[in-house]
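J.: Provided herewith: entry_22.csv, CSV, C-alpha atoms and all ligand atoms.
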chain,number,residue,atom,x,y,z
A,27,MET,CA,87.3,159.1,118.1
A,28,SER,CA,88.8,162.6,118.5
A,29,SER,CA,89.3,164.0,121.9
A,30,THR,CA,87.9,167.2,120.7
A,31,ALA,CA,84.7,165.8,119.1
A,32,PRO,CA,81.9,168.2,119.9
A,33,ALA,CA,79.4,167.1,122.6
A,34,THR,CA,76.0,166.2,121.3
A,35,ASP,CA,72.6,166.5,122.9
A,36,HIS,CA,71.3,163.4,121.3
A,37,VAL,CA,70.2,160.9,123.9
A,38,PRO,CA,69.5,157.4,122.6
A,39,ASP,CA,66.2,155.6,123.2
A,40,LEU,CA,67.5,152.6,125.2
A,41,PRO,CA,65.5,149.4,125.3
A,42,SER,CA,65.5,149.6,129.1
A,43,ASP,CA,63.1,152.5,128.8
A,44,ARG,CA,60.5,150.4,127.0
A,45,SER,CA,61.2,146.7,127.9
A,46,PRO,CA,58.6,145.8,130.5
A,47,ASP,CA,59.6,142.1,130.4
A,48,HIS,CA,63.2,143.1,131.5
A,49,ARG,CA,64.8,140.7,129.0
A,50,PRO,CA,68.5,141.3,128.7
A,51,ASP,CA,69.6,143.4,125.8
A,52,HIS,CA,72.8,141.7,124.7
A,53,SER,CA,74.3,144.8,123.4
A,54,ARG,CA,73.8,146.9,126.5
A,55,VAL,CA,76.1,147.2,129.5
A,56,ALA,CA,75.6,149.1,132.8
A,57,VAL,CA,78.7,150.9,134.0
A,58,ILE,CA,78.4,151.9,137.7
A,59,GLY,CA,80.6,154.8,138.6
A,60,ALA,CA,80.9,157.9,136.4
A,61,GLY,CA,84.4,158.9,137.4
A,62,SER,CA,87.4,159.1,135.0
A,63,TRP,CA,87.8,155.3,134.5
A,64,GLY,CA,84.1,154.5,134.4
A,65,THR,CA,83.6,157.1,131.7
A,66,ALA,CA,86.7,156.0,129.7
A,67,LEU,CA,85.5,152.4,129.8
A,68,ALA,CA,82.0,153.5,128.7
A,69,LEU,CA,83.5,155.3,125.7
A,70,GLN,CA,85.5,152.2,124.8
A,71,ILE,CA,82.5,149.8,125.2
A,72,ALA,CA,80.5,152.1,123.0
A,73,ARG,CA,83.3,152.0,120.4
A,74,THR,CA,83.0,148.2,120.2
A,75,GLY,CA,79.4,148.6,119.2
A,76,HIS,CA,77.6,148.3,122.6
A,77,ARG,CA,75.3,150.7,124.4
A,78,VAL,CA,76.1,151.8,127.9
A,79,ALA,CA,74.1,153.1,130.8
A,80,LEU,CA,76.6,155.2,132.8
A,81,TRP,CA,75.4,155.5,136.4
A,82,GLY,CA,76.8,157.9,138.9
A,83,HIS,CA,75.8,158.3,142.6
A,84,ASP,CA,75.5,162.1,142.4
A,85,PRO,CA,72.3,163.3,140.5
A,86,GLU,CA,73.8,166.7,139.8
A,87,HIS,CA,76.9,165.1,138.2
A,88,ILE,CA,74.6,163.0,136.0
A,89,ALA,CA,72.5,166.0,135.1
A,90,ALA,CA,75.7,167.7,134.0
A,91,LEU,CA,76.7,164.7,131.9
A,92,VAL,CA,73.2,164.7,130.2
A,93,ARG,CA,73.4,168.5,129.6
A,94,ASP,CA,77.1,168.7,128.5
A,95,ARG,CA,77.4,165.2,126.9
A,96,GLU,CA,80.9,165.3,128.4
A,97,ASN,CA,82.3,164.4,131.9
A,98,ARG,CA,83.8,167.8,132.7
A,99,ALA,CA,84.4,166.9,136.3
A,100,PHE,CA,86.5,163.7,135.8
A,101,LEU,CA,87.4,163.3,132.1
A,102,PRO,CA,87.1,166.7,130.3
A,103,GLY,CA,87.5,167.0,126.6
A,104,PHE,CA,85.8,163.8,125.4
A,105,ALA,CA,82.3,163.9,124.0
A,106,LEU,CA,80.0,161.1,125.1
A,107,PRO,CA,78.7,159.4,122.0
A,108,PRO,CA,75.0,158.7,121.6
A,109,ALA,CA,75.5,155.1,122.7
A,110,VAL,CA,76.4,156.3,126.2
A,111,GLN,CA,73.4,157.3,128.3
A,112,PRO,CA,74.1,158.9,131.7
A,113,GLU,CA,71.7,157.6,134.3
A,114,ALA,CA,70.9,158.6,137.8
A,115,ASP,CA,68.5,155.8,138.7
A,116,LEU,CA,70.3,152.6,139.5
A,117,ALA,CA,67.4,150.2,138.7
A,118,THR,CA,67.0,151.8,135.3
A,119,ALA,CA,70.7,151.5,134.6
A,120,LEU,CA,70.7,147.8,135.4
A,121,ARG,CA,67.4,146.8,133.9
A,122,GLY,CA,67.9,144.8,130.8
A,123,ALA,CA,71.7,145.2,130.8
A,124,VAL,CA,73.6,142.0,129.9
A,125,ASP,CA,76.4,142.8,132.4
A,126,VAL,CA,77.1,145.2,135.2
A,127,LEU,CA,80.6,146.7,135.4
A,128,LEU,CA,81.5,148.4,138.7
A,129,VAL,CA,84.1,151.2,138.5
A,130,VAL,CA,83.7,152.9,141.9
A,131,PRO,CA,86.7,153.3,144.2
A,132,SER,CA,87.3,150.4,146.6
A,133,GLN,CA,86.0,152.3,149.6
A,134,PHE,CA,82.6,152.3,148.0
A,135,PHE,CA,82.7,148.8,146.4
A,136,ALA,CA,80.8,146.9,149.2
A,137,ASP,CA,78.2,149.6,149.7
A,138,MET,CA,77.6,149.7,145.9
A,139,LEU,CA,77.2,146.0,145.7
A,140,ASP,CA,74.6,146.1,148.5
A,141,GLN,CA,72.6,148.5,146.3
A,142,VAL,CA,73.2,146.6,143.1
A,143,ALA,CA,72.6,143.0,144.4
A,144,PRO,CA,68.8,143.2,144.9
A,145,LEU,CA,68.4,144.7,141.4
A,146,LEU,CA,70.4,142.0,139.5
A,147,SER,CA,68.5,139.7,137.4
A,148,ASP,CA,69.2,136.0,136.7
A,149,GLY,CA,72.1,135.6,134.3
A,150,GLN,CA,73.5,139.1,134.6
A,151,GLY,CA,77.3,138.9,135.0
A,152,LEU,CA,79.1,141.2,137.4
A,153,ALA,CA,82.5,142.6,136.7
A,154,TRP,CA,84.6,145.4,138.2
A,155,ALA,CA,87.6,147.6,137.2
A,156,THR,CA,88.1,148.9,140.7
A,157,LYS,CA,91.7,148.4,141.9
A,158,GLY,CA,91.9,147.8,145.6
A,159,PHE,CA,91.0,145.6,148.6
A,160,GLU,CA,88.0,145.9,150.8
A,161,PRO,CA,89.1,148.6,153.4
A,162,GLY,CA,89.1,147.2,156.9
A,163,SER,CA,88.9,143.4,156.1
A,164,ALA,CA,91.6,143.6,153.4
A,165,ARG,CA,89.6,141.0,151.4
A,166,LEU,CA,90.0,140.8,147.7
A,167,LEU,CA,87.0,142.2,145.9
A,168,HIS,CA,85.9,138.9,144.4
A,169,GLN,CA,85.4,137.7,148.0
A,170,VAL,CA,83.2,140.7,148.7
A,171,ALA,CA,81.3,140.1,145.5
A,172,MET,CA,80.7,136.4,146.1
A,173,GLU,CA,79.4,137.1,149.5
A,174,ARG,CA,76.9,139.7,148.2
A,175,VAL,CA,75.7,138.5,144.8
A,176,GLY,CA,75.9,134.7,145.2
A,177,GLU,CA,76.3,132.4,142.3
A,178,ARG,CA,76.8,134.3,139.1
A,179,ASP,CA,79.6,135.1,136.7
A,180,LEU,CA,82.3,137.4,138.2
A,181,GLY,CA,85.2,139.1,136.5
A,182,VAL,CA,87.8,141.8,136.7
A,183,LEU,CA,89.4,144.2,134.2
A,184,SER,CA,92.9,145.4,135.2
A,185,GLY,CA,96.2,146.4,133.6
A,186,PRO,CA,98.1,149.5,132.5
A,187,SER,CA,95.4,151.9,131.4
A,188,PHE,CA,95.3,155.6,132.1
A,189,ALA,CA,91.7,156.8,131.5
A,190,ALA,CA,92.6,159.8,129.4
A,191,GLU,CA,94.7,157.7,127.0
A,192,VAL,CA,91.9,155.2,126.6
A,193,ALA,CA,89.5,158.0,126.0
A,194,ARG,CA,91.8,159.4,123.3
A,195,GLY,CA,91.9,156.0,121.7
A,196,LEU,CA,95.6,155.5,122.2
A,197,PRO,CA,96.9,151.9,122.1
A,198,THR,CA,96.2,150.1,125.3
A,199,ALA,CA,96.3,146.5,126.5
A,200,ILE,CA,94.7,145.1,129.6
A,201,ALA,CA,94.1,141.7,131.3
A,202,VAL,CA,90.6,140.3,132.0
A,203,ALA,CA,90.2,137.5,134.5
A,204,ALA,CA,87.0,135.8,135.6
A,205,SER,CA,85.5,133.0,137.5
A,206,ARG,CA,85.0,131.1,134.2
A,207,LEU,CA,87.2,131.5,131.2
A,208,GLU,CA,84.1,131.9,129.0
A,209,PHE,CA,83.0,134.9,131.0
A,210,ALA,CA,86.5,136.4,130.8
A,211,GLN,CA,86.2,136.0,127.0
A,212,HIS,CA,82.8,137.5,127.0
A,213,LEU,CA,84.0,140.5,129.0
A,214,ALA,CA,87.1,140.9,126.8
A,215,ASN,CA,84.7,141.1,123.8
A,216,LEU,CA,82.9,144.0,125.3
A,217,VAL,CA,86.1,146.2,125.3
A,218,HIS,CA,88.4,144.6,122.8
A,219,GLY,CA,88.6,146.6,119.5
A,220,GLY,CA,90.3,149.4,117.6
A,221,SER,CA,93.4,150.3,119.5
A,222,PHE,CA,92.3,148.6,122.7
A,223,ARG,CA,93.4,145.0,123.4
A,224,ALA,CA,92.0,142.8,126.1
A,225,TYR,CA,93.9,139.5,127.0
A,226,THR,CA,92.0,136.9,128.9
A,227,GLN,CA,93.4,135.3,132.1
A,228,ASP,CA,92.2,132.7,134.6
A,229,ASP,CA,94.1,134.0,137.6
A,230,LEU,CA,91.3,136.1,139.2
A,231,ILE,CA,93.4,136.5,142.4
A,232,GLY,CA,96.7,137.6,140.7
A,233,VAL,CA,95.0,140.1,138.4
A,234,GLN,CA,93.4,141.8,141.4
A,235,VAL,CA,96.4,141.7,143.7
A,236,GLY,CA,98.6,143.3,140.9
A,237,GLY,CA,96.2,146.1,140.2
A,238,ALA,CA,95.7,146.9,143.9
A,239,ALA,CA,99.1,146.6,145.4
A,240,LYS,CA,101.0,148.4,142.7
A,241,ASN,CA,99.4,151.6,143.8
A,242,VAL,CA,101.4,151.6,147.0
A,243,LEU,CA,104.6,151.0,145.1
A,244,ALA,CA,103.8,153.9,142.8
A,245,ILE,CA,103.6,156.1,145.9
A,246,ALA,CA,107.1,154.8,146.8
A,247,THR,CA,108.6,155.7,143.4
A,248,GLY,CA,106.9,159.1,143.5
A,249,ILE,CA,108.6,159.7,146.9
A,250,ALA,CA,112.0,158.6,145.5
A,251,ASP,CA,111.8,160.7,142.4
A,252,GLY,CA,110.5,163.7,144.5
A,253,LEU,CA,113.6,163.4,146.7
A,254,GLY,CA,115.8,163.3,143.6
A,255,PHE,CA,117.1,159.8,144.0
A,256,GLY,CA,117.5,159.2,140.3
A,257,ALA,CA,116.9,156.4,137.8
A,258,ASN,CA,118.8,153.7,139.6
A,259,ALA,CA,116.6,154.0,142.7
A,260,ARG,CA,113.5,154.0,140.5
A,261,ALA,CA,114.5,150.8,138.7
A,262,ALA,CA,115.4,149.2,142.1
A,263,LEU,CA,112.0,150.1,143.6
A,264,ILE,CA,110.1,148.8,140.6
A,265,THR,CA,112.1,145.5,140.6
A,266,ARG,CA,112.0,145.0,144.4
A,267,GLY,CA,108.4,146.1,144.4
A,268,LEU,CA,107.6,143.4,141.8
A,269,ALA,CA,109.1,140.9,144.2
A,270,GLU,CA,106.7,142.2,146.9
A,271,LEU,CA,103.7,141.8,144.6
A,272,ILE,CA,104.7,138.3,143.7
A,273,ARG,CA,105.2,137.3,147.4
A,274,LEU,CA,101.9,138.7,148.4
A,275,GLY,CA,100.0,137.3,145.4
A,276,VAL,CA,101.4,133.8,145.9
A,277,ALA,CA,100.5,133.9,149.6
A,278,LEU,CA,97.0,134.8,148.6
A,279,GLY,CA,96.8,132.0,146.0
A,280,ALA,CA,97.9,133.7,142.8
A,281,ARG,CA,100.2,132.3,140.1
A,282,PRO,CA,103.6,134.0,140.1
A,283,GLU,CA,103.6,134.4,136.3
A,284,THR,CA,100.6,136.6,136.4
A,285,PHE,CA,102.8,139.3,137.9
A,286,MET,CA,105.0,139.3,134.7
A,287,GLY,CA,102.0,140.3,132.7
A,288,LEU,CA,99.8,143.3,132.1
A,289,ALA,CA,98.1,143.3,135.6
A,290,GLY,CA,101.5,143.0,137.3
A,291,LEU,CA,104.7,144.4,135.8
A,292,GLY,CA,102.7,146.3,133.1
A,293,ASP,CA,100.6,148.3,135.5
A,294,LEU,CA,103.5,148.6,138.0
A,295,VAL,CA,105.8,150.2,135.4
A,296,LEU,CA,103.0,152.5,134.1
A,297,THR,CA,102.1,153.9,137.5
A,298,CYS,CA,105.7,154.1,138.8
A,299,THR,CA,107.0,156.0,135.8
A,300,ASP,CA,104.4,158.4,134.5
A,301,ASP,CA,103.0,161.5,136.2
A,302,GLN,CA,99.5,160.7,135.0
A,303,SER,CA,99.4,158.3,137.9
A,304,ARG,CA,97.7,159.9,140.9
A,305,ASN,CA,99.5,157.5,143.2
A,306,ARG,CA,102.9,158.5,141.9
A,307,ARG,CA,101.9,162.2,142.1
A,308,LEU,CA,100.9,161.7,145.7
A,309,GLY,CA,104.4,160.3,146.4
A,310,LEU,CA,106.0,163.4,144.6
A,311,ALA,CA,103.9,165.7,146.9
A,312,LEU,CA,104.9,163.8,150.0
A,313,ALA,CA,108.5,164.3,149.1
A,314,ARG,CA,107.8,168.0,148.9
A,315,GLY,CA,106.6,167.9,152.5
A,316,ARG,CA,102.9,167.8,151.9
A,317,SER,CA,100.8,165.6,154.2
A,318,ALA,CA,98.7,162.8,152.6
A,319,GLN,CA,95.6,164.8,153.2
A,320,GLN,CA,97.0,167.9,151.5
A,321,ALA,CA,98.3,165.9,148.6
A,322,MET,CA,94.9,164.1,148.1
A,323,ALA,CA,93.1,167.5,148.2
A,324,GLU,CA,95.5,168.9,145.5
A,325,ILE,CA,95.0,165.9,143.3
A,326,GLY,CA,91.2,166.0,143.7
A,327,GLN,CA,90.6,162.5,142.6
A,328,GLU,CA,90.7,159.0,144.0
A,329,VAL,CA,94.2,157.9,145.1
A,330,GLU,CA,93.7,154.2,145.9
A,331,GLY,CA,97.2,153.6,147.2
A,332,VAL,CA,96.4,155.5,150.4
A,333,VAL,CA,93.7,153.0,151.7
A,334,THR,CA,95.5,150.1,150.0
A,335,ALA,CA,98.6,150.7,152.0
A,336,ARG,CA,96.6,149.8,155.1
A,337,ALA,CA,95.2,146.7,153.5
A,338,VAL,CA,98.7,145.6,152.3
A,339,LYS,CA,100.1,146.1,155.8
A,340,THR,CA,97.3,144.0,157.3
A,341,LEU,CA,97.8,141.2,154.7
A,342,ALA,CA,101.6,141.2,155.0
A,343,ALA,CA,101.3,140.7,158.8
A,344,ARG,CA,98.5,138.1,158.5
A,345,LEU,CA,100.3,136.1,155.9
A,346,ASN,CA,103.8,136.7,157.2
A,347,VAL,CA,105.0,138.2,153.9
A,348,GLU,CA,108.0,140.5,153.8
A,349,MET,CA,107.0,143.8,152.0
A,350,PRO,CA,109.6,146.4,153.2
A,351,ILE,CA,108.8,149.0,150.5
A,352,SER,CA,105.1,148.9,151.1
A,353,GLU,CA,105.7,149.0,154.8
A,354,GLN,CA,107.7,152.2,154.6
A,355,VAL,CA,105.0,153.8,152.5
A,356,TYR,CA,102.5,152.9,155.3
A,357,GLY,CA,104.9,154.5,157.8
A,358,VAL,CA,105.0,157.7,155.8
A,359,LEU,CA,101.2,157.8,155.3
A,360,TYR,CA,100.1,156.7,158.8
A,361,GLU,CA,103.0,156.7,161.3
A,362,GLY,CA,104.5,160.1,160.8
A,363,LEU,CA,107.7,158.9,159.2
A,364,THR,CA,109.4,161.4,156.9
A,365,PRO,CA,110.2,160.3,153.4
A,366,GLU,CA,113.9,160.6,154.3
A,367,GLU,CA,113.5,158.3,157.4
A,368,ALA,CA,111.6,155.8,155.3
A,369,THR,CA,114.4,155.7,152.8
A,370,ARG,CA,117.0,155.3,155.5
A,371,HIS,CA,115.1,152.3,156.9
A,372,LEU,CA,115.1,150.6,153.5
A,373,LEU,CA,118.8,151.3,152.8
A,374,GLU,CA,119.9,150.1,156.3
A,375,ARG,CA,118.3,146.7,155.9
A,376,ALA,CA,120.7,143.8,156.1
A,377,GLY,CA,121.9,142.4,152.7
A,378,LYS,CA,120.1,139.3,151.5
A,379,SER,CA,119.8,136.9,148.6
A,380,GLU,CA,117.9,138.5,145.7
A,381,LEU,CA,115.7,135.5,145.1
A,382,ASP,CA,114.7,134.8,148.7
B,1,LIG,N1,91.5,156.7,136.4
B,1,LIG,C1,92.2,155.7,135.8
B,1,LIG,O1,93.0,156.0,134.9
B,1,LIG,C2,92.0,154.3,136.3
B,1,LIG,C3,91.3,154.0,137.5
B,1,LIG,N2,91.2,152.8,137.9
B,1,LIG,C4,90.4,152.4,139.1
B,1,LIG,O2,89.0,152.8,138.9
B,1,LIG,C5,88.5,153.0,140.2
B,1,LIG,C6,87.6,154.3,140.1
B,1,LIG,O3,88.6,155.4,140.0
B,1,LIG,P1,88.4,156.6,139.1
B,1,LIG,O4,87.3,156.5,138.1
B,1,LIG,O5,89.8,156.9,138.6
B,1,LIG,O6,88.0,157.7,140.2
B,1,LIG,P2,87.8,159.3,140.0
B,1,LIG,O7,88.5,160.0,141.1
B,1,LIG,O8,88.0,159.7,138.6
B,1,LIG,O9,86.2,159.4,140.2
B,1,LIG,C7,85.7,159.2,141.5
B,1,LIG,C8,84.7,158.1,141.5
B,1,LIG,O10,84.2,157.9,142.8
B,1,LIG,C9,82.8,157.8,142.8
B,1,LIG,N3,82.2,158.1,144.1
B,1,LIG,C10,82.5,159.1,144.9
B,1,LIG,N4,81.8,159.0,146.0
B,1,LIG,C11,81.0,157.9,145.8
B,1,LIG,C12,80.0,157.2,146.6
B,1,LIG,N5,79.7,157.7,147.8
B,1,LIG,N6,79.5,156.1,146.2
B,1,LIG,C13,79.8,155.6,145.0
B,1,LIG,N7,80.7,156.2,144.2
B,1,LIG,C14,81.3,157.3,144.6
B,1,LIG,C15,82.5,158.7,141.7
B,1,LIG,O11,81.2,158.3,141.3
B,1,LIG,P3,80.1,159.3,140.7
B,1,LIG,O12,80.3,159.3,139.2
B,1,LIG,O13,78.9,158.7,141.1
B,1,LIG,O14,80.4,160.6,141.3
B,1,LIG,C16,83.5,158.4,140.6
B,1,LIG,O15,83.2,157.2,139.9
B,1,LIG,C17,89.6,153.0,141.2
B,1,LIG,O16,89.6,151.8,141.9
B,1,LIG,C18,90.8,153.2,140.3
B,1,LIG,O17,92.0,152.6,140.9
B,1,LIG,C19,91.7,151.7,137.2
B,1,LIG,C20,92.3,152.0,136.0
B,1,LIG,C21,92.6,153.3,135.5
B,2,LIG,O1,95.6,152.2,137.6
B,2,LIG,C1,95.9,153.2,136.9
B,2,LIG,C2,96.4,153.0,135.5
B,2,LIG,O2,96.5,151.6,135.2
B,2,LIG,C3,95.7,154.5,137.3
B,2,LIG,O3,96.7,154.8,138.2
B,2,LIG,P1,96.5,156.0,139.3
B,2,LIG,O4,95.2,155.6,140.1
B,2,LIG,O5,97.7,156.0,140.1
B,2,LIG,O6,96.2,157.3,138.5
For this file, produce the structure as structure tokens.

T.:
Amino acid sequence: MSSTAPATDHVPDLPSDRSPDHRPDHSRVAVIGAGSWGTALALQIARTGHRVALWGHDPEHIAALVRDRENRAFLPGFALPPAVQPEADLATALRGAVDVLLVVPSQFFADMLDQVAPLLSDGQGLAWATKGFEPGSARLLHQVAMERVGERDLGVLSGPSFAAEVARGLPTAIAVAASRLEFAQHLANLVHGGSFRAYTQDDLIGVQVGGAAKNVLAIATGIADGLGFGANARAALITRGLAELIRLGVALGARPETFMGLAGLGDLVLTCTDDQSRNRRLGLALARGRSAQQAMAEIGQEVEGVVTARAVKTLAARLNVEMPISEQVYGVLYEGLTPEEATRHLLERAGKSELD
């Protein structure tokens, strides 16, 4: 689909509007969160032949989506096809959908689940494309979901996937992991098609840890590039950052090889090397002397690595995992370290075996 396709006023007549018996429509998905990634995923799910109710928490934002048939606030330039229906009412969005896909930032994930849980019907699967931990507790999001929605299929979509590139239909590959491999396959079928490939996985923990913790490392490489440290430093940060991801993931119960895949190395390389990454851009701004607050305000969108740095610090201490790069990012964000001081701390560390 062309990124310049004209917006259309046509709004489809969804079965949810006329199915009093609430039977699931197996071609319809509820996407919860109408930011850049929720909107891009809605576009992709529509391309694979499904219909989408795209729910957002702000009625004015949803009214603008209905009016403009385009998400001018978060993903400008892409017309919403008729199969995507913006929806302000959560119960209407969920009613009759075969699956519910949460794409809100991690700080709203638990609250959102509290709103969604009483509206879920039997057999509806729950998936998310959020990348982060639960702020405060530092729990993985599947633990938050299990606690709130009980026994049902759970799954996560993660991997190297900038929203605007997916919206443009550029080639993209992601990983999909779930509580049952059949559900992972079912979720993959919702998005797989055209130039978008979805690979199934059974490591629910590893796929989540990779997607969440790489954001902190993207801030680190942004800082290094902003300070002009060059290509050697960037490659070292990515490689030693990968070692941190693996150590944390394994301590949480993940398989190490997951981090060699799309949700690990794939997403780490993407966000550490391309300025489309908001986390990398935050690092670049920190290196220019901006505070985290100033940088977030300039970026104007979610920068998950800022809250994730706290969760990673908590987990590393709790599990006794060495994560020196992530720790220095935490120091810059929360303890008043300058980027130069953080760099010095890393370079002054005693030498060690690479594989320890
Ligand atoms: N953008 C990307 O390229 C990718 C993002 N992700 C992940 O997707 C998740 C969502 O990020 P993204 O779409 O980029 O964020 P954006 O900054 O583009 O959009 C902000 C999102 O926050 C939501 N929001 C704001 N306040 C609230 C609230 N009080 N309650 C519920 N939702 C709220 C908005 O919902 P509303 O529509 O209701 O305003 C909107 O979905 C993050 O975890 C991110 O890491 C993963 C892969 C790629
Ligand atoms: O996770 C992403 C791409 O896979 C998006 O990264 P940023 O949140 O850093 O923009």

J.: Given all atoms listed in the file as the basis, pick out the residue of A:Leu120, A:Met286, A:Leu291, A:Val192 nearest to Arg73 in chain A.

T.: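 With all atoms listed in the file as the atom set, the closest residue is A:Val192.
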
J.: Closest to ligand LIG 1 (chain B) among A:Val217, A:Val358, A:Val55, A:Ala189, using all atoms listed in the file?

T.: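 Of A:Val217, A:Val358, A:Val55, A:Ala189, the one nearest ligand LIG 1 (chain B), counting all atoms listed in the file, is A:Ala189.
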
J.: How would you report the residues lying within 9 Å of ligand LIG 1 (chain B), as a count of residues only, if you count only C-alpha atoms and all ligand atoms?

T.: 58

J.: Could you check how far CA of Gly181 in chain A sits from CA of Val124 in chain A, in Å to one decimal?

T.: 13.7 Å

J.: Any idea what the distance is between CA of Ala261 in chain A and CA of Glu380 in chain A?

T.: 14.6 Å

J.: Using only C-alpha atoms, pick whichever of A:Ala203, A:Ala321, A:Ala313, A:Leu213 has the shortest atom-to-atom distance to Leu288 in chain A.

T.: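 The answer is A:Ala203, which sits nearest to Leu288 in chain A.
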
J.: Would you kindly return, as a list in words, each protein, DNA or RNA residue with an atom no farther than 7 Å from any atom of range 223-236 of chain A, considering only C-alpha atoms and excluding same-chain residues fewer than 6 positions away?

T.: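 The residues satisfying every condition are Lys157, Ser184, Thr198, Ala199, Ile200, Ala201, Val202, Ala203, Ala204, Ser205, Leu207, Ala210, Gln211, Ala214, Val217, Leu271, Gly275, Gly279, Ala280, Arg281, Thr284, Phe285, Ala289 and Gly290 of chain A.
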
J.: Using all atoms listed in the file, which of the listed residues (A:Phe209, A:Gly362, A:Gly195, A:Asp300) sits closest to ligand LIG 2 (chain B)?

T.: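 For ligand LIG 2 (chain B), the nearest of the given residues is A:Asp300.
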
J.: Could you check how far atom O2 of ligand LIG 2 (chain B) sits from CA of Asp293 in chain A, in Å to one decimal?

T.: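 Value for the atom O2 of ligand LIG 2 (chain B)-CA of Asp293 in chain A distance: 5.3 Å.
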
J.: When you count all atoms listed in the file, which of these residues is closest to ligand LIG 2 (chain B): A:Gly122, A:Pro112, A:Gly309, A:Pro102?

T.: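 Comparing A:Gly122, A:Pro112, A:Gly309, A:Pro102 against ligand LIG 2 (chain B), the winner is A:Gly309.
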
J.: Would you please work out which residue, of A:Ala262, A:Ala277, A:Ala311, A:Ala368, is nearest to Ala342 in chain A when using all atoms listed in the file?

T.: A:Ala277

J.: Applying 8 Å and only C-alpha atoms, which residues near Arg336 in chain A remain after dropping the ones on its own chain fewer than 3 positions away? List them as a PyMOL selection string.

T.: chain A and resi 161+332-333+339-340+356

J.: Just the selected residues (C-alpha atoms), exported as a tab-separated table (two decimals), keeping the file's coordinate frame, please.

T.:
chain	number	residue	atom	x	y	z
A	161	PRO	CA	89.10	148.60	153.40
A	332	VAL	CA	96.40	155.50	150.40
A	333	VAL	CA	93.70	153.00	151.70
A	339	LYS	CA	100.10	146.10	155.80
A	340	THR	CA	97.30	144.00	157.30
A	356	TYR	CA	102.50	152.90	155.30
